[in-house]
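**Q** Sharing a structure here in structure tokens format.
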Amino acid sequence: MEIKPVSKRGIYEDIVHQIRGMIDRGALRPGDRLPAERTLAEMFAVSRNTVREAIKALVENDLVESRQGAGNFVREVADGRFASTLAGAILRGRPGLRDIFEVRKLIEPEIAALAARNASPLDVERMDGVLAEQERAVRGGKPAADADQRLHGLLAEASGNAILCDMVKVLHEDFTQSRVDVLQSPERQAASLAAHRAIVEAVRNGHVMLAEKAMREHLEEIEDIVFAGGSQPRAVKSEVV
């Protein structure tokens with residue numbers, strides 16, 4: 001285990017940070033037993049009470065499991081753990097918006113394509129419900145970011161790939177449209193609704209390439225607006241091909 005000296009400020013948080021980093025990098029793997037408290041205290045040059053605080057925080061974050069009489073172990077990866085670990089890695093790196101957009105443009109068009117291939121009638125029905133909710137918000141002049149985020153999540157679920165679901169959840173947790181003021185104008189929200197309709201219509205009809213294209217154009221439009229400082233959205237096509 002590669003250990004670095006801890007700072008006097010927030011000592012146990014530094015220990016948590018280092019151990020989480022080892023888990024993220026794979027230096028500590030699910031099922032691995034952590035060194036005993038006394039050993040960790042010597043390694044970090046801190047008191048055993050400080051080590052106990054760090055272990056408690058790791059347990060509360062579902063990264064470590066304490067087994068009575070056996071010690072502390074890195075938790076096995078379970079449903080949702082991938083998202084938690086990835087979220088931690090992203091947040092510690094504090095990526096910029098451009099990085100997040102690059103990842104979204106790599107992942108989400110392919111998710112839309114997979115959704116067009118794999119979506120069930122129930123999946124499409126749920127998307128229609130969220131679209132209706134988004135439309136009510138837009139017509140009422142209310143924020144529609146929650147519906148926006150849920151639609152992207154439903155597309156990921158319809159793709160049939162659990163890992164992609166977790167990845168989309170993480171990306172949207174760190175960047176939601178509600179955090180970008182320039183995306184909240186009535187014109188922008190109406191354009192977002194139209195883009196979502198085009199994506200869902202392509203998914204409904206099983207048009208894989210059109211779903212991929214519609215999602216890519218949607219993300220590129222958002223990116224243009226964010227980095228242009230709030231320019232008006234492009235003209236929205238009145239028909240879905």
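Naming works like this for the structure tokens: A, B, ... for the chains as they're shown, residue 1 at the start of each chain, ligands 1 onward in shown order.
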Would you kindly return, as an NGL selection string, each protein, DNA or RNA residue with an atom no farther than 7 Å from any atom of range 203-220 of chain A, considering only C-alpha atoms and excluding same-chain residues fewer than 5 positions away?
**A** :A and (105 or 108-110 or 112-113 or 115-117 or 124 or 195 or 198)
**Q** Applying 9 Å and only C-alpha atoms, which residues near Ile23 in chain A remain after dropping the ones on its own chain fewer than 5 positions away? List them as a list in words.
**A** Gln18, Leu28, Arg29, Pro30, Leu63, Val74 and Thr85 of chain A
**Q** Rank A:Val103, A:Ala54, A:Ala156, A:Cys165 by their smallest atom-to-atom distance to Ile11 in chain A, using only C-alpha atoms, and report the top residue only.
**A**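 Closest residue, counting only C-alpha atoms: A:Ala54.
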**Q** Got a sec: who's within 12 Å of Arg126 in chain A, counting only C-alpha atoms, leaving out chain neighbours fewer than 3 positions off, as a ChimeraX atom specification?
**A** /A:119-123,129-133,147,150-155,157-158,200,204
**Q** Go through A:Leu164, A:Leu171, A:Ile19, A:Glu135 and flag the residue nearest Phe44 in chain A, using only C-alpha atoms for the distances.
**A**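 So, comparing all the options, the nearest one is A:Ile19.
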